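Next up, query_30.txt (compact mmCIF, C-alpha atoms and all ligand atoms):
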# COMPACT_ATOMS: atom_id res chain seq x y z
CA MET A 1 16.27 15.58 -3.39
CA SER A 2 17.85 15.93 -0.02
CA SER A 3 21.53 16.10 0.67
CA PRO A 4 23.25 12.79 1.47
CA GLN A 5 23.70 14.05 5.03
CA SER A 6 19.99 14.33 5.63
CA SER A 7 19.07 11.20 3.69
CA PRO A 8 18.10 8.23 5.77
CA VAL A 9 20.38 5.24 5.39
CA ARG A 10 17.40 2.95 5.04
CA ALA A 11 14.46 4.62 6.67
CA GLU A 12 13.74 7.07 9.44
CA ALA A 13 10.94 8.82 11.26
CA VAL A 14 11.68 12.52 11.36
CA VAL A 15 10.04 14.20 14.35
CA ASP A 16 9.63 17.95 14.33
CA LEU A 17 9.90 19.23 17.89
CA ALA A 18 8.81 22.70 16.78
CA ALA A 19 5.52 21.11 15.74
CA ILE A 20 5.20 19.45 19.14
CA ARG A 21 5.78 22.77 20.89
CA HIS A 22 3.33 24.49 18.58
CA ASN A 23 0.66 21.86 19.26
CA VAL A 24 1.19 22.05 23.02
CA ALA A 25 0.83 25.84 22.87
CA THR A 26 -2.31 25.47 20.76
CA LEU A 27 -3.82 23.01 23.24
CA ARG A 28 -2.92 25.26 26.17
CA ALA A 29 -4.75 28.12 24.49
CA ARG A 30 -7.77 25.88 23.87
CA ALA A 31 -7.91 24.95 27.55
CA GLU A 32 -7.26 28.36 28.98
CA GLY A 33 -7.85 28.38 32.71
CA ALA A 34 -6.93 24.70 33.07
CA GLN A 35 -3.53 23.12 33.48
CA LEU A 36 -2.25 20.95 30.65
CA MET A 37 -0.98 17.38 30.91
CA THR A 38 0.83 16.18 27.80
CA VAL A 39 0.35 12.44 27.41
CA VAL A 40 3.55 10.69 26.26
CA LYS A 41 2.65 7.05 26.85
CA ALA A 42 3.71 4.35 24.37
CA ASP A 43 6.99 6.15 23.65
CA GLY A 44 5.24 9.41 22.96
CA TYR A 45 2.78 7.75 20.56
CA GLY A 46 5.84 6.47 18.70
CA HIS A 47 7.54 9.87 18.51
CA GLY A 48 9.97 9.32 21.41
CA MET A 49 8.84 9.83 24.99
CA VAL A 50 11.73 11.86 26.38
CA PRO A 51 12.25 14.34 23.52
CA VAL A 52 8.49 14.91 23.32
CA ALA A 53 8.19 15.43 27.08
CA ARG A 54 11.07 17.93 26.98
CA ALA A 55 9.52 19.84 24.10
CA ALA A 56 6.16 19.82 25.85
CA ARG A 57 7.63 21.21 29.06
CA GLU A 58 9.38 23.93 27.01
CA ALA A 59 6.02 24.86 25.53
CA GLY A 60 4.42 25.10 28.94
CA ALA A 61 3.00 21.65 29.73
CA ASP A 62 2.31 21.64 33.47
CA TRP A 63 2.08 17.86 33.69
CA ILE A 64 3.32 14.85 31.77
CA GLY A 65 1.02 11.83 31.57
CA ALA A 66 2.29 8.26 31.37
CA ALA A 67 0.29 5.06 31.31
CA VAL A 68 2.72 2.69 33.01
CA LEU A 69 5.32 2.90 35.75
CA GLU A 70 8.30 2.18 33.50
CA GLU A 71 7.37 5.25 31.50
CA ALA A 72 6.92 7.50 34.52
CA LEU A 73 10.16 6.31 36.13
CA GLY A 74 11.90 6.65 32.76
CA LEU A 75 10.87 10.29 32.63
CA ARG A 76 12.32 10.89 36.09
CA ALA A 77 15.51 9.05 35.10
CA ALA A 78 15.75 11.35 32.09
CA GLY A 79 15.69 14.33 34.41
CA ASP A 80 12.06 15.44 34.35
CA THR A 81 11.37 16.87 37.78
CA GLY A 82 7.87 18.28 37.14
CA PRO A 83 4.46 16.80 37.92
CA ILE A 84 3.96 13.37 36.35
CA PHE A 85 0.77 11.34 36.50
CA CYS A 86 0.78 7.58 35.90
CA TRP A 87 -2.48 5.65 35.85
CA LEU A 88 -2.00 1.98 35.00
CA THR A 89 -0.44 -0.33 37.56
CA THR A 90 -0.98 -3.97 38.47
CA PRO A 91 -0.68 -5.65 41.87
CA GLY A 92 2.88 -6.09 43.08
CA GLU A 93 4.48 -3.41 40.95
CA PRO A 94 7.22 -1.27 42.54
CA LEU A 95 4.91 1.46 43.79
CA ALA A 96 7.44 2.49 46.43
CA ASP A 97 9.84 3.64 43.70
CA ALA A 98 7.13 5.76 42.11
CA ILE A 99 6.02 7.25 45.43
CA GLU A 100 9.61 8.12 46.30
CA ALA A 101 10.03 9.66 42.86
CA GLY A 102 7.06 11.93 43.57
CA ILE A 103 4.95 10.47 40.78
CA ASP A 104 1.20 10.94 41.08
CA LEU A 105 -0.59 7.58 40.93
CA SER A 106 -4.15 6.46 40.31
CA ALA A 107 -6.38 4.34 42.53
CA GLY A 108 -9.71 2.95 41.39
CA ALA A 109 -10.42 0.38 44.12
CA PRO A 110 -9.96 0.22 47.90
CA TRP A 111 -7.28 -2.47 47.53
CA GLU A 112 -5.26 -0.08 45.39
CA ILE A 113 -5.39 2.47 48.21
CA ASP A 114 -4.18 -0.27 50.59
CA GLU A 115 -1.32 -1.17 48.25
CA LEU A 116 -0.27 2.45 47.92
CA ALA A 117 -0.42 3.01 51.69
CA ALA A 118 1.62 -0.13 52.29
CA ALA A 119 4.30 1.01 49.84
CA VAL A 120 4.88 4.35 51.56
CA THR A 121 8.25 4.87 53.23
CA ASP A 122 9.27 8.54 53.58
CA ARG A 123 6.65 10.61 51.84
CA PRO A 124 2.91 10.12 51.39
CA ALA A 125 1.66 8.76 48.07
CA ARG A 126 0.10 11.36 45.79
CA VAL A 127 -3.13 9.79 44.62
CA HIS A 128 -5.80 10.56 42.02
CA LEU A 129 -9.04 8.68 42.61
CA LYS A 130 -10.55 7.25 39.46
CA ILE A 131 -14.29 7.07 38.93
CA ASP A 132 -15.56 4.86 36.11
CA THR A 133 -18.05 7.24 34.51
CA GLY A 134 -19.19 4.77 31.88
CA MET A 135 -16.28 3.43 29.87
CA SER A 136 -15.85 0.31 32.01
CA ARG A 137 -12.07 0.34 31.95
CA GLY A 138 -10.32 1.30 35.20
CA GLY A 139 -11.90 3.08 38.12
CA ALA A 140 -14.62 2.54 40.67
CA VAL A 141 -18.16 2.28 39.34
CA PRO A 142 -20.49 4.75 41.07
CA GLU A 143 -21.82 2.02 43.41
CA GLU A 144 -18.28 1.36 44.66
CA TRP A 145 -17.15 4.98 44.73
CA PRO A 146 -18.09 5.61 48.40
CA ALA A 147 -16.01 2.59 49.49
CA LEU A 148 -13.02 3.95 47.56
CA ILE A 149 -13.50 7.38 49.10
CA ARG A 150 -13.73 5.91 52.60
CA ALA A 151 -10.44 4.03 52.10
CA ALA A 152 -8.82 7.22 50.82
CA VAL A 153 -10.13 9.25 53.77
CA ARG A 154 -8.73 6.65 56.18
CA GLU A 155 -5.24 6.54 54.69
CA GLN A 156 -5.12 10.30 54.22
CA ALA A 157 -5.92 10.72 57.92
CA ALA A 158 -3.10 8.27 58.67
CA GLY A 159 -0.74 10.48 56.67
CA LEU A 160 0.04 7.75 54.14
CA ILE A 161 -1.65 9.23 51.09
CA GLU A 162 -2.62 12.67 49.82
CA VAL A 163 -5.62 12.80 47.51
CA LYS A 164 -4.45 15.13 44.74
CA GLY A 165 -7.03 14.44 42.09
CA ILE A 166 -10.31 12.95 40.97
CA TRP A 167 -10.38 11.79 37.39
CA SER A 168 -12.03 9.74 34.68
CA HIS A 169 -11.76 9.10 30.94
CA LEU A 170 -14.20 9.72 28.10
CA ALA A 171 -15.19 6.96 25.68
CA SER A 172 -16.60 9.08 22.85
CA SER A 173 -15.01 12.52 22.80
CA ASP A 174 -14.12 11.92 19.13
CA GLU A 175 -17.88 12.23 18.62
CA PRO A 176 -18.55 15.41 20.59
CA LYS A 177 -22.30 15.17 20.08
CA SER A 178 -22.55 11.67 21.46
CA PRO A 179 -24.89 11.57 24.48
CA ALA A 180 -22.24 9.44 26.20
CA ASN A 181 -20.17 12.58 26.81
CA GLU A 182 -22.97 14.31 28.67
CA SER A 183 -23.73 11.20 30.67
CA GLN A 184 -20.08 10.68 31.66
CA LEU A 185 -19.77 14.35 32.59
CA ALA A 186 -22.85 14.13 34.82
CA THR A 187 -21.50 11.02 36.57
CA PHE A 188 -18.14 12.72 37.03
CA THR A 189 -19.69 15.84 38.56
CA GLU A 190 -21.74 13.70 40.91
CA ALA A 191 -18.67 11.74 41.98
CA ILE A 192 -16.89 14.98 42.87
CA GLU A 193 -19.85 15.99 45.01
CA VAL A 194 -19.89 12.63 46.77
CA ALA A 195 -16.14 12.92 47.47
CA GLU A 196 -16.67 16.41 48.85
CA SER A 197 -19.43 15.14 51.11
CA PHE A 198 -16.80 12.81 52.63
CA GLY A 199 -14.44 15.75 53.12
CA ILE A 200 -12.22 15.03 50.09
CA ASP A 201 -11.40 18.27 48.32
CA ALA A 202 -9.03 17.20 45.56
CA GLU A 203 -6.96 19.95 43.96
CA PHE A 204 -7.22 18.53 40.42
CA LYS A 205 -10.23 17.27 38.52
CA HIS A 206 -9.53 15.87 35.07
CA LEU A 207 -11.53 14.18 32.36
CA ALA A 208 -10.61 15.61 28.95
CA ASN A 209 -8.45 13.85 26.36
CA SER A 210 -7.66 15.47 22.97
CA GLY A 211 -11.17 15.32 21.56
CA ALA A 212 -12.63 16.85 24.70
CA THR A 213 -9.86 19.43 25.03
CA LEU A 214 -10.64 20.59 21.49
CA ALA A 215 -14.40 20.23 21.36
CA LEU A 216 -15.93 19.89 24.84
CA PRO A 217 -14.86 22.83 26.98
CA GLU A 218 -17.34 21.86 29.68
CA THR A 219 -15.14 18.82 30.40
CA HIS A 220 -11.95 20.78 31.03
CA PHE A 221 -12.28 21.30 34.81
CA ASN A 222 -8.84 22.47 35.92
CA LEU A 223 -6.63 19.97 34.07
CA VAL A 224 -6.79 18.45 30.56
CA ARG A 225 -4.90 15.39 29.28
CA PRO A 226 -4.48 15.54 25.49
CA GLY A 227 -2.37 12.90 23.81
CA VAL A 228 -2.80 12.49 20.08
CA ALA A 229 -3.32 16.20 19.34
CA THR A 230 0.12 16.88 20.83
CA TYR A 231 1.53 15.01 17.86
CA GLY A 232 -0.49 17.10 15.43
CA LEU A 233 -3.00 14.38 14.67
CA SER A 234 -6.72 15.03 14.82
CA PRO A 235 -8.73 12.84 17.19
CA PHE A 236 -11.59 13.34 14.72
CA GLY A 237 -9.70 11.89 11.73
CA HIS A 238 -10.80 13.16 8.34
CA ALA A 239 -14.00 14.57 9.87
CA LEU A 240 -11.96 17.52 11.14
CA PRO A 241 -8.39 17.41 9.84
CA SER A 242 -5.54 18.64 11.98
CA ALA A 243 -4.91 21.77 9.86
CA GLU A 244 -8.43 22.94 10.68
CA LEU A 245 -7.63 22.53 14.35
CA GLY A 246 -4.39 24.49 14.01
CA LEU A 247 -2.34 21.35 14.68
CA VAL A 248 0.85 20.39 12.84
CA PRO A 249 1.60 16.67 12.39
CA ALA A 250 5.06 16.15 13.85
CA MET A 251 6.18 12.92 12.21
CA THR A 252 7.38 12.20 8.69
CA LEU A 253 8.16 8.57 7.83
CA ARG A 254 10.57 8.28 4.94
CA ALA A 255 12.83 5.69 3.37
CA ARG A 256 14.95 5.05 0.33
CA PHE A 257 14.09 2.54 -2.34
CA ALA A 258 16.20 -0.58 -1.88
CA MET A 259 15.61 -1.51 -5.50
CA VAL A 260 13.74 -0.22 -8.52
CA LYS A 261 12.95 -2.47 -11.43
CA ARG A 262 10.79 -2.80 -14.50
CA VAL A 263 8.52 -5.82 -14.67
CA PRO A 264 6.44 -7.07 -17.58
CA ALA A 265 2.65 -7.19 -17.68
CA GLY A 266 1.45 -10.18 -15.72
CA ALA A 267 4.20 -10.10 -13.08
CA GLY A 268 2.82 -11.04 -9.67
CA VAL A 269 3.93 -9.10 -6.60
CA SER A 270 4.80 -10.21 -3.05
CA TYR A 271 3.44 -13.11 -0.98
CA GLY A 272 0.38 -14.73 -2.41
CA LEU A 273 0.82 -12.75 -5.65
CA THR A 274 -2.24 -10.73 -4.70
CA TRP A 275 -1.42 -8.03 -7.27
CA THR A 276 -0.45 -8.56 -10.85
CA ALA A 277 0.97 -5.83 -13.07
CA PRO A 278 -1.71 -5.01 -15.66
CA ARG A 279 0.98 -3.62 -17.99
CA PRO A 280 4.76 -3.17 -17.95
CA SER A 281 5.45 -1.30 -14.72
CA THR A 282 8.25 0.17 -12.64
CA LEU A 283 8.25 -1.14 -9.08
CA GLY A 284 10.03 0.40 -6.10
CA LEU A 285 11.04 -1.74 -3.17
CA VAL A 286 10.54 0.06 0.16
CA PRO A 287 12.69 -1.38 2.98
CA LEU A 288 9.94 -1.19 5.58
CA GLY A 289 7.35 -3.76 6.54
CA TYR A 290 5.13 -4.95 9.34
CA GLY A 291 8.28 -5.75 11.35
CA ASP A 292 8.76 -1.99 11.47
CA GLY A 293 5.14 -1.36 12.34
CA LEU A 294 3.57 -0.82 8.94
CA PRO A 295 0.09 -2.32 9.15
CA ARG A 296 -0.21 -5.39 6.94
CA HIS A 297 -3.87 -4.52 6.53
CA ALA A 298 -2.73 -1.59 4.37
CA SER A 299 -1.44 -4.01 1.70
CA ASN A 300 -2.61 -3.23 -1.82
CA GLY A 301 -3.49 0.40 -1.42
CA ALA A 302 -1.43 2.31 1.15
CA PRO A 303 -0.22 5.58 -0.39
CA VAL A 304 3.34 6.87 -0.64
CA GLN A 305 4.99 9.81 -2.34
CA SER A 306 8.11 9.54 -4.47
CA ALA A 307 9.69 12.14 -6.72
CA GLY A 308 7.19 11.23 -9.42
CA GLY A 309 4.15 11.75 -7.23
CA ARG A 310 1.66 9.71 -5.26
CA HIS A 311 1.76 5.97 -5.71
CA ALA A 312 0.31 2.94 -3.97
CA VAL A 313 1.71 -0.10 -2.24
CA VAL A 314 0.91 -3.15 -4.36
CA GLY A 315 0.82 -6.71 -3.12
CA ARG A 316 1.13 -7.69 0.49
CA ILE A 317 3.24 -5.76 2.96
CA CYS A 318 5.93 -8.19 4.14
CA MET A 319 7.83 -8.21 7.44
CA ASP A 320 10.71 -6.03 6.21
CA GLN A 321 9.66 -4.65 2.88
CA CYS A 322 6.85 -3.67 0.58
CA VAL A 323 6.50 -2.83 -3.09
CA VAL A 324 5.22 0.38 -4.66
CA ASN A 325 3.89 0.63 -8.20
CA LEU A 326 5.76 3.57 -9.72
CA GLU A 327 4.04 2.97 -13.05
CA ASP A 328 6.26 4.70 -15.65
CA ASP A 329 8.23 6.96 -13.32
CA GLU A 330 11.94 7.40 -13.69
CA ALA A 331 13.36 6.20 -10.38
CA ALA A 332 16.43 4.48 -9.00
CA ALA A 333 17.53 2.59 -5.92
CA GLY A 334 18.36 5.11 -3.22
CA ASP A 335 15.65 7.57 -4.22
CA GLU A 336 13.51 8.84 -1.39
CA VAL A 337 9.99 7.77 -0.69
CA VAL A 338 7.76 9.37 1.94
CA LEU A 339 5.17 7.11 3.49
CA PHE A 340 3.42 9.79 5.48
CA GLY A 341 4.00 13.24 6.88
CA PRO A 342 2.14 16.48 7.56
CA GLY A 343 0.63 16.37 4.07
CA THR A 344 1.78 19.86 3.20
CA SER A 345 4.08 18.73 0.39
CA GLY A 346 1.54 16.43 -1.17
CA GLU A 347 2.68 13.42 0.79
CA PRO A 348 0.11 11.09 2.40
CA THR A 349 -0.78 11.57 6.05
CA ALA A 350 -1.13 9.17 8.95
CA ASP A 351 -4.89 9.50 8.37
CA ASP A 352 -4.44 8.24 4.79
CA TRP A 353 -2.55 5.22 6.10
CA ALA A 354 -5.21 4.71 8.76
CA ASP A 355 -7.85 4.64 6.03
CA ALA A 356 -5.84 2.12 4.02
CA ALA A 357 -5.48 -0.12 7.08
CA GLY A 358 -8.97 0.34 8.53
CA THR A 359 -7.62 1.86 11.72
CA ILE A 360 -6.99 5.24 13.37
CA ASN A 361 -4.10 7.67 13.02
CA TYR A 362 -3.12 6.92 16.64
CA GLU A 363 -2.18 3.38 15.71
CA ILE A 364 -0.23 4.31 12.59
CA VAL A 365 2.34 6.39 14.48
CA THR A 366 2.34 4.46 17.74
CA ARG A 367 3.07 1.08 16.21
CA LEU A 368 6.29 2.15 14.47
CA GLY A 369 9.01 -0.04 15.91
CA ALA A 370 12.46 0.40 17.34
CA ARG A 371 14.05 -0.60 14.02
CA ILE A 372 13.13 2.80 12.61
CA PRO A 373 15.47 5.48 13.96
CA ARG A 374 13.80 8.70 15.10
CA ARG A 375 15.56 11.87 13.98
CA TYR A 376 14.63 15.12 15.68
CA VAL A 377 14.47 18.40 13.84
CA ASP A 378 13.30 21.83 14.83
CA GLY A 379 11.03 23.15 12.10
CA THR A 380 9.70 21.33 9.05
CA GLN A 381 12.03 23.20 6.72
CA SER A 382 14.71 20.72 7.75
CA VAL A 383 12.58 17.75 6.65
CA PRO A 384 13.36 17.28 2.96
CA HIS A 385 10.75 15.68 0.75
CA PRO A 386 10.89 14.21 -2.70
CA ALA A 387 10.19 16.94 -5.23
CA ALA A 388 6.48 17.64 -5.16
CA PRO A 389 4.76 16.53 -8.36
CA SER A 390 2.82 19.03 -10.40
CA SER A 391 -0.51 17.68 -9.15
CA HIS A 392 0.53 18.37 -5.57
CA PRO A 393 1.65 21.97 -5.23
CA ALA A 394 4.85 22.45 -3.29
CA ALA A 395 4.55 23.41 0.34
CA PRO A 396 5.12 26.99 1.33
CA SER A 397 8.56 27.38 2.83
CA SER A 398 7.23 28.74 6.09
CA HIS A 399 5.83 26.54 8.82
CA PRO A 400 2.41 25.51 7.49
CA ALA A 401 0.43 26.20 10.60
CA ALA A 402 2.54 28.69 12.48
CA PRO A 403 0.16 30.55 14.76
CA SER A 404 0.51 33.84 12.92
CA SER A 405 -0.13 32.43 9.46
CA HIS A 406 -2.81 29.83 10.06
CA PRO A 407 -6.20 31.19 10.97
CA ALA A 408 -7.40 27.89 12.39
CA ALA A 409 -4.47 27.93 14.78
CA GLN A 410 -6.03 30.85 16.60
CA PRO A 411 -7.99 29.51 19.50
CA SER A 412 -10.33 32.46 19.26
CA SER A 413 -11.45 31.25 15.84
CA HIS A 414 -13.10 28.28 17.54
CA PRO A 415 -15.10 29.91 20.29
CA ALA A 416 -15.88 27.30 22.91
CA GLY A 417 -14.80 24.62 20.47
CA GLN A 418 -17.94 25.15 18.45
CA SER A 419 -16.36 24.61 15.09
CA ALA A 420 -14.80 21.35 16.19
CA SER A 421 -17.98 20.30 17.84
CA HIS A 422 -20.06 21.06 14.79
CA SER A 423 -18.00 19.24 12.19
CA ALA A 424 -16.88 16.38 14.34
CA GLY A 425 -20.39 15.90 15.56
CA GLN A 426 -21.15 14.46 12.17
CA SER A 427 -18.55 11.82 12.66
CA GLY A 428 -21.10 9.45 14.12
CA SER A 429 -21.96 8.35 10.64
CA ARG A 430 -18.44 8.07 9.30
CA ASP A 431 -17.16 4.58 8.89
CA THR A 432 -13.71 5.07 10.38
CA PRO A 433 -13.13 3.19 13.60
CA SER A 434 -13.57 5.28 16.71
CA VAL A 435 -10.81 6.36 19.02
CA ASP A 436 -9.56 3.78 21.44
CA GLY A 437 -6.29 5.10 22.78
C1 LIG B 1 -6.20 7.98 30.66
C2 LIG B 1 -5.86 8.67 29.39
N1 LIG B 1 -5.83 10.01 29.36
C3 LIG B 1 -5.55 10.68 28.23
C4 LIG B 1 -5.28 10.02 27.06
C5 LIG B 1 -5.03 10.80 25.80
O1 LIG B 1 -6.00 10.52 24.85
P1 LIG B 1 -5.96 11.18 23.41
O2 LIG B 1 -4.74 10.64 22.75
O3 LIG B 1 -7.22 10.74 22.74
O4 LIG B 1 -5.88 12.63 23.62
C6 LIG B 1 -5.31 8.62 27.04
C7 LIG B 1 -5.08 7.88 25.81
O5 LIG B 1 -5.80 7.02 25.42
C8 LIG B 1 -5.61 7.92 28.24
O6 LIG B 1 -5.65 6.60 28.27

Transcribe the structure of this file into structure tokens.
Ligand SMILES: Cc1ncc(COP(=O)(O)O)c(C=O)c1O
Amino acid sequence: MSSPQSSPVRAEAVVDLAAIRHNVATLRARAEGAQLMTVVKADGYGHGMVPVARAAREAGADWIGAAVLEEALGLRAAGDTGPIFCWLTTPGEPLADAIEAGIDLSAGAPWEIDELAAAVTDRPARVHLKIDTGMSRGGAVPEEWPALIRAAVREQAAGLIEVKGIWSHLASSDEPKSPANESQLATFTEAIEVAESFGIDAEFKHLANSGATLALPETHFNLVRPGVATYGLSPFGHALPSAELGLVPAMTLRARFAMVKRVPAGAGVSYGLTWTAPRPSTLGLVPLGYGDGLPRHASNGAPVQSAGGRHAVVGRICMDQCVVNLEDDEAAAGDEVVLFGPGTSGEPTADDWADAAGTINYEIVTRLGARIPRRYVDGTQSVPHPAAPSSHPAAPSSHPAAPSSHPAAQPSSHPAGQSASHSAGQSGSRDTPSVDG
């Protein structure tokens, strides 16, 4: 068991910044020749935007990617002076602040170019033009692309904007063999040619998220934008686990039992009494619930690890608490329970929770709320776990996927992403939901 000093009072998410740096370095090596943008939107996928951005910069991230203006401006306020790209704004937002702060912004329609030009005061807006290559989210569809380019050419000539990039986003990179990737890539390449025919020679072209950074080298161009892989989670889920990609999951979610009690056979558990003890059982009360971001859909099945081993949540997950069936384990209030972590000490992973909830690992970490304090460590050795049970061999004391000790961490072991492409290409038939970050 951990020392009282390192024990969470109630619960905590421990974030290993060494793992973040390792993952950033791994992704850089995978996208050699391209610049790397680490995506830290949604509070760094729940890990903490500013600490993650700092760790990413330390590990060589050239860019930081944010979805919304508050995030981008928050990064500047926290002292990040490097390139930042922000791609999701709505009419009337304070674009002038972002332009003044030197944040690169996206435009996917002529009116967005107009808005950006109108917001300029001292320095031109740095703009990345977005082509909708087939996902039908933001961006100009190919039919409207020339109109967007013409607006950009006009305002660039007026000195109000500088076109810095052309970009798009892939819908199916978690299925590298999906024909959608090829089709989007072809549309993207064509859009670049059209822009060039209008005299737009953007410095940066970017399309690749994590799945594409890892498995579709032909989509790298000269800038990649991985998000989830930064946090050590595989965009391919169980089809190609993070260890095989040389990634180290950075977050461990742990708590202490608020109560442990023995109940007789027939005792019903939690709202709706959806689980009944089949025999006398020891139950552990975990002080975390959907109010903290645990998915209620994971009721009756989500895995945890306590000192006695792997156990399951029984009954419904409530707003603030949930119940674990410890069967006949010896346990007491205050004992530690790990909900998920890297998986190297036998604990469940975010993928296991995603399976239990019918969702993706992205959502498991991102939805964790502000009520759970984040604690930052540097190296997993400082993340104590409940004693590993005999069925789950204890983790080696060294970092599980340190580049020198983990063959899959070597980029050269996945020439041109073939290994990722091969295994993940079979993911089309898996029944996990696809990526929708
Ligand atoms: C525009 C954009 N780029 C990059 C990313 C990173 O994606 P992923 O987390 O799959 O690497 C996202 C996330 O969904 C995104 O919206």

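The residues sitting within 7 Å of ligand LIG 1 (chain B), with all atoms listed in the file considered, come out as A:Val39, A:Ala67, A:Trp87, A:His169, A:Asn209, A:Ser210, A:Gly211, A:Arg225, A:Pro226, A:Gly227, A:Val228, A:Ala229, A:Pro235, A:Val435, A:Asp436, A:Gly437.
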
Please produce a file of the residues just selected, as an mmCIF file, keeping the file's coordinate frame, where the atoms kept are C-alpha atoms.
data_model
loop_
_atom_site.group_PDB
_atom_site.id
_atom_site.type_symbol
_atom_site.label_atom_id
_atom_site.label_comp_id
_atom_site.auth_asym_id
_atom_site.auth_seq_id
_atom_site.Cartn_x
_atom_site.Cartn_y
_atom_site.Cartn_z
ATOM 1 C CA VAL A 39 0.350 12.440 27.410
ATOM 2 C CA ALA A 67 0.290 5.060 31.310
ATOM 3 C CA TRP A 87 -2.480 5.650 35.850
ATOM 4 C CA HIS A 169 -11.760 9.100 30.940
ATOM 5 C CA ASN A 209 -8.450 13.850 26.360
ATOM 6 C CA SER A 210 -7.660 15.470 22.970
ATOM 7 C CA GLY A 211 -11.170 15.320 21.560
ATOM 8 C CA ARG A 225 -4.900 15.390 29.280
ATOM 9 C CA PRO A 226 -4.480 15.540 25.490
ATOM 10 C CA GLY A 227 -2.370 12.900 23.810
ATOM 11 C CA VAL A 228 -2.800 12.490 20.080
ATOM 12 C CA ALA A 229 -3.320 16.200 19.340
ATOM 13 C CA PRO A 235 -8.730 12.840 17.190
ATOM 14 C CA VAL A 435 -10.810 6.360 19.020
ATOM 15 C CA ASP A 436 -9.560 3.780 21.440
ATOM 16 C CA GLY A 437 -6.290 5.100 22.780
#

So that each row is one residue of segment 218-277 of chain A with an atom at most 12 Å from segment 143-165 of chain A, can you give its shortest atom pair and the distance in Å to one decimal, using all atoms listed in the file, rows by chain and rising number, as CSV?
residue,atom,partner,partner_atom,distance
A:Phe221,CA,A:Gly165,CA,11.3
A:Asn222,CA,A:Gly165,CA,10.3
A:Leu223,CA,A:Gly165,CA,9.7

### Atom pair atom CA of Gly343 of chain A / atom CA of Pro176 of chain A: separation (Å)
25.3 Å

#### Entry: Protein/DNA/RNA residues near (-3.6, 2.8, 2.4), cut 12 Å, only C-alpha atoms, as a ChimeraX atom specification
/A:294-304,310-317,324,339-340,348-361,364

### Task
Please provide the set of residues having any atom within 10 Å of segment 186-189 of chain A, restricted to all atoms listed in the file, with same-chain residues fewer than 3 positions apart removed, written as JSON, numbers by chain.
{"A": [130, 131, 132, 133, 134, 141, 142, 166, 167, 168, 169, 180, 181, 182, 183, 192, 193, 194, 205, 206, 207, 219, 221]}
